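Notes follow the structure.
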Amino acid sequence: MKKPWIGVALLALTGTRAYAFEAVANVISATPVSGTVNRPAQQCWTEYQQVQAPEPQHSVVGAIIGGVAGGLIGSRFGEGSGKVAAAAVGAGAGAIAGDRIGAHSAGGGYSTTTPVQRCQTVYQYQTVTVGYDVLYEYDGRRFRTRLPYFPGSALRVNVSVVPR
C-alpha cells in the first residue's frame with residue numbers, strides 16, 4: 001500500500017513542480033437530466049352557507065293586541081273599582097301572552113345565505129431539467145461529467161500536469 005505523503009515529500013525534496021492551466025475541450029454531447037419537483041399552491045373558492053338568524057326578542061304588535069284583548073276580557077269581571085282592577089290585570093297578562101305568542105309565531109327567526117371562503121393546498125408536480133450529462137474530448141481522450149448548466153459546444157477545463 002502506497003502512502004500519499006511519501007510522494008509529496010519526494011516532490012518537495014527533488015524540487016519538482018506541478019503545473020496547472022486552463023484549456024478548452026470540445027463537447028461531443030450534452031444530454032438533459034430531468035427531475036420532478038413539487039410546487040405547492042393555495043387553491044381557494046367561495047361556498048354559500050345557510051345561517052339561522054336569532055329569534056326576535058320581543059313582539060311589540062303581539063303585546064299591544066294581547067293587552068287590548070286582555071283588558072277587554074278583564075273588564076267583564078268584577079264591579080266598580082274591581083272591574084278596573086280586573087281590566088288592568090287582564091291587560092297586563094294579555095300583553096305578556098301576546099308578546100310571547102307574537103315572537104313564537106314569527107317562525108323562530110329566519111335563515112340567510114352567507115358566503116364563506118374555503119382554501120386548501122394542492123400539489124403540482126412538474127418535470128424540470130436539473131442538469132446535463134456531458135461527454136467531452138480533450139487531447140484525444142474522452143471524459144464524462146454532470147453539469148448544472150448547458151455547456152454549449154466548448155467547455156473550459158482545468159488541466160494539471162505532475163511528473164512521475
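Naming scheme: A, B, ... for chains in displayed order of the C-alpha cells; residues 1 onward per chain; ligands 1 onward as shown.
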
Neighbours of range 73-75 of chain A within 6 Å (only C-alpha atoms; same-chain residues fewer than 6 positions away dropped), as a list in words?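 So the residues in contact are Lys83, Ala86, Ala87 and Gly90 of chain A.
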
Output C-alpha atoms of each residue in that selection to a file, as a PDB file, in the first residue's frame.
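The resulting file, result-v2.pdb, is shown below:
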ATOM      1  CA  LYS A  83    -113.855  45.950  37.354  1.00  0.00           C
ATOM      2  CA  ALA A  86    -109.652  43.120  36.622  1.00  0.00           C
ATOM      3  CA  ALA A  87    -109.257  45.051  33.355  1.00  0.00           C
ATOM      4  CA  GLY A  90    -106.221  41.281  32.121  1.00  0.00           C
TER       5      GLY A  90
END

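The residue set within 9 Å of Gln50 in chain A, counting only C-alpha atoms and dropping same-chain residues fewer than 3 places from it, reads A:Ser111, A:Thr112, A:Thr113, A:Thr114.
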
Save out the residues we just selected, N, CA and C atoms, as an mmCIF file, in the first residue's frame.
data_model
loop_
_atom_site.group_PDB
_atom_site.id
_atom_site.type_symbol
_atom_site.label_atom_id
_atom_site.label_comp_id
_atom_site.auth_asym_id
_atom_site.auth_seq_id
_atom_site.Cartn_x
_atom_site.Cartn_y
_atom_site.Cartn_z
ATOM 1 N N SER A 111 -83.673 32.304 8.107
ATOM 2 C CA SER A 111 -82.373 31.831 7.617
ATOM 3 C C SER A 111 -81.910 32.736 6.486
ATOM 4 N N THR A 112 -80.600 32.874 6.396
ATOM 5 C CA THR A 112 -79.995 33.695 5.354
ATOM 6 C C THR A 112 -78.786 32.954 4.792
ATOM 7 N N THR A 113 -78.333 33.344 3.622
ATOM 8 C CA THR A 113 -77.172 32.723 2.990
ATOM 9 C C THR A 113 -75.971 33.647 3.157
ATOM 10 N N THR A 114 -74.859 33.068 3.641
ATOM 11 C CA THR A 114 -73.638 33.836 3.883
ATOM 12 C C THR A 114 -72.497 33.224 3.076
#

What are the DSSP alpha helix (DSSP H) residues of range 16-156 of chain A, as number ranges by chain? A: 60-74, 81-105

Nearest residue to Val157 in chain A out of A:Arg17, A:Asn38, A:Tyr125, A:Ala25, using only C-alpha atoms?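 Closest to Val157 in chain A of all the choices is A:Ala25.
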
Would you pick out the contacts of range 127-144 of chain A at 7 Å or less, using only C-alpha atoms, so that residues sharing its chain but fewer than 6 positions from it are not included, and give the list as a PyMOL selection string? chain A and resi 25-37+150

Write a file of the selected residues as an mmCIF file, in the first residue's frame, keeping N, CA and C atoms.
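Resulting contents of out_17.cif:
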data_model
loop_
_atom_site.group_PDB
_atom_site.id
_atom_site.type_symbol
_atom_site.label_atom_id
_atom_site.label_comp_id
_atom_site.auth_asym_id
_atom_site.auth_seq_id
_atom_site.Cartn_x
_atom_site.Cartn_y
_atom_site.Cartn_z
ATOM 1 N N ALA A 25 -12.081 22.256 -24.032
ATOM 2 C CA ALA A 25 -12.372 20.917 -24.554
ATOM 3 C C ALA A 25 -13.593 21.003 -25.455
ATOM 4 N N ASN A 26 -13.675 20.128 -26.422
ATOM 5 C CA ASN A 26 -14.819 20.084 -27.336
ATOM 6 C C ASN A 26 -15.922 19.216 -26.734
ATOM 7 N N VAL A 27 -17.125 19.754 -26.702
ATOM 8 C CA VAL A 27 -18.271 18.996 -26.186
ATOM 9 C C VAL A 27 -18.808 18.125 -27.307
ATOM 10 N N ILE A 28 -18.916 16.832 -27.019
ATOM 11 C CA ILE A 28 -19.437 15.886 -28.003
ATOM 12 C C ILE A 28 -20.954 15.760 -27.856
ATOM 13 N N SER A 29 -21.441 15.672 -26.605
ATOM 14 C CA SER A 29 -22.892 15.605 -26.378
ATOM 15 C C SER A 29 -23.219 16.140 -24.983
ATOM 16 N N ALA A 30 -24.415 16.663 -24.875
ATOM 17 C CA ALA A 30 -24.936 17.138 -23.589
ATOM 18 C C ALA A 30 -26.384 16.679 -23.497
ATOM 19 N N THR A 31 -26.634 15.675 -22.646
ATOM 20 C CA THR A 31 -27.967 15.081 -22.509
ATOM 21 C C THR A 31 -28.667 15.650 -21.272
ATOM 22 N N PRO A 32 -29.865 16.226 -21.445
ATOM 23 C CA PRO A 32 -30.576 16.776 -20.281
ATOM 24 C C PRO A 32 -30.938 15.677 -19.276
ATOM 25 N N VAL A 33 -30.836 16.019 -18.005
ATOM 26 C CA VAL A 33 -31.239 15.126 -16.918
ATOM 27 C C VAL A 33 -32.476 15.764 -16.281
ATOM 28 N N SER A 34 -33.592 15.004 -16.266
ATOM 29 C CA SER A 34 -34.858 15.537 -15.750
ATOM 30 C C SER A 34 -35.105 15.079 -14.321
ATOM 31 N N GLY A 35 -35.845 15.900 -13.606
ATOM 32 C CA GLY A 35 -36.258 15.566 -12.250
ATOM 33 C C GLY A 35 -37.651 16.122 -12.014
ATOM 34 N N THR A 36 -38.334 15.592 -11.018
ATOM 35 C CA THR A 36 -39.677 16.049 -10.689
ATOM 36 C C THR A 36 -39.607 16.909 -9.437
ATOM 37 N N VAL A 37 -40.218 18.088 -9.503
ATOM 38 C CA VAL A 37 -40.265 18.980 -8.347
ATOM 39 C C VAL A 37 -41.729 19.215 -7.973
ATOM 40 N N PHE A 150 -26.128 24.041 -19.274
ATOM 41 C CA PHE A 150 -25.832 23.550 -20.616
ATOM 42 C C PHE A 150 -24.486 24.136 -21.046
#

Figure out the distance between CA of Gln120 in chain A and CA of Cys44 in chain A, please, to one decimal in Å. 6.5 Å
